[in-house]
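Worksheet: the structure to be examined is printed underneath.
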Amino acid sequence: MKQRIITGVAAAALFLGMLWLGGYAYGLFIVLLAAVGFHEFARLNHISGPGSGRFVGYLAVLGIVIPYELIFPNFPVTHEQFLWFVMLILLTLTVFVHNKTNLRQAAIVLIGVIYIGYGFHYMIVTRLMPEDGLLWSLFIFGCIWLTDTGAYFTGMLLGRHHLAPQISPKKTVEGAIGGVLFAVVFAAIFALLSPDFIQLGYALAQAAVIAVIGQIGDLIQSAYKRMQGVKDSGTILPGHGGILDRTDSWLVVFPALHLLGFL
């Protein structure tokens, strides 16, 4: 627990510092997290070596994470075009190096590219929003973190009914509800302290959505790790696991909020 707390405090301080700086510093930091995250994803799926699609995946993730559409408004290649060519390259590998890869591996790499690439992409996009990008980022991350905290302590104190016992035996229905309530309370305080930024009712609704989607993201990663027979996605964060372990909720919350029109 001591190691977990020390690592958590240090990682949080570094992350919040980068978030505060914004701009290229935050962008490069997120790109680094995305690269490490895809490395963990590829390793979990035993995708390695030339011809496996792993290096295509690295390049594709970086190509999606970096928000070219914001940096270069007239950039000639859209995300749809880019993803289609990534798919074509992966499928071509199954033809010419079929002893190194197959359709299943190509599909897994493409899923990883979309899941990790767009997850981190929208973190950068949120911070670069022309109005209140920092506040929106702090609000969303705060809701996610308070959901995790609330779910943990509520589940530990009041948990009786398992939420998904075959996937994550320690998660409970009571904990999930507690996570939502913690996020809603945080959002209410945030709105009261920043009335010019967000209205109270909208903040509460936003927090509930974030809490629910964030816990789904957590369960997705838990299901995936259980399928692979591992406890953590990596070891880069002592006491916490890997990058994907710490960002599982982030990777679905940020794209969901943008693609559903909440931001």
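Chain labels follow the order of the structure tokens: the first chain is A, the next B, and so on; residue numbering restarts at 1 in every chain, and ligands are counted from 1 in their shown order.
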Fill in: Test item, helix (DSSP H, G or I) assignment across stretch 36-196 of chain A, answer as number ranges by chain
A: 36-44, 54-65, 68-71, 79-96, 103-127, 133-158, 173-193
Worksheet item: Near A:Phe190, within 10 Å and counting only C-alpha atoms, which residues show up once chain neighbours fewer than 2 positions away are dropped, as a ChimeraX atom specification?
Response: /A:135,138-139,142-143,184-188,192-195,197-200,203-204
Dump as a Markdown table the rows for residues of stretch 41-150 of chain A within 10 Å of stretch 211-223 of chain A: closest atom pair and distance in Å with one decimal, only C-alpha atoms counted, ordered by chain and rising residue number.
```
| residue | atom | partner | partner_atom | distance |
| --- | --- | --- | --- | --- |
| A:Ile140 | CA | A:Ala211 | CA | 9.6 |
| A:Cys143 | CA | A:Ala211 | CA | 6.7 |
| A:Ile144 | CA | A:Ala211 | CA | 6.3 |
| A:Trp145 | CA | A:Ala211 | CA | 9.2 |
| A:Leu146 | CA | A:Ala211 | CA | 8.6 |
| A:Thr147 | CA | A:Ala211 | CA | 5.7 |
| A:Asp148 | CA | A:Gln215 | CA | 8.0 |
```
Sort by chain and increasing residue number a table of all residues of stretch 75-112 of chain A within 8 Å of stretch 37-53 of chain A, each with its closest pair of atoms and their distance in Å to one decimal, counting only C-alpha atoms, and write it as a tab-separated table.
```
residue	atom	partner	partner_atom	distance
A:Leu90	CA	A:Gly53	CA	6.1
A:Leu93	CA	A:Gly51	CA	6.5
A:Val97	CA	A:Gly51	CA	6.0
A:Lys100	CA	A:Ser52	CA	5.4
A:Thr101	CA	A:Ser52	CA	4.9
A:Gln105	CA	A:Ile47	CA	7.3
A:Ala106	CA	A:Gly53	CA	6.7
A:Ile108	CA	A:Asn45	CA	8.0
A:Val109	CA	A:Gly53	CA	6.8
A:Gly112	CA	A:Phe41	CA	6.9
```
Set out as CSV a contact list for stretch 95-163 of chain A and stretch 247-258 of chain A with a cut-off of 8 Å, giving each residue of stretch 95-163 of chain A that qualifies its closest atom pair and distance in Å to one decimal, counting only C-alpha atoms, ordered by chain and rising residue number.
```
residue,atom,partner,partner_atom,distance
A:Tyr115,CA,A:Leu251,CA,6.9
A:Ile116,CA,A:Leu251,CA,6.6
A:Tyr118,CA,A:Pro255,CA,6.5
A:Gly119,CA,A:Leu251,CA,4.0
A:Phe120,CA,A:Leu251,CA,6.5
A:Tyr122,CA,A:Phe254,CA,5.6
A:Met123,CA,A:Phe254,CA,6.2
A:Thr126,CA,A:Phe254,CA,7.9
A:Phe141,CA,A:Trp250,CA,7.8
A:Ile144,CA,A:Ser249,CA,7.1
```
Take the residues that were just selected and, keeping C-alpha atoms, output them as a CSV table (one decimal), in the first residue's frame.
```
chain,number,residue,atom,x,y,z
A,115,TYR,CA,-9.3,1.9,-28.7
A,116,ILE,CA,-6.0,3.5,-27.6
A,118,TYR,CA,-8.9,7.7,-30.1
A,119,GLY,CA,-8.9,7.4,-26.3
A,120,PHE,CA,-5.8,9.5,-26.0
A,122,TYR,CA,-9.7,13.1,-27.4
A,123,MET,CA,-7.7,13.8,-24.2
A,126,THR,CA,-10.3,18.4,-24.8
A,141,PHE,CA,-10.6,13.7,-14.8
A,144,ILE,CA,-13.4,9.8,-13.2
```
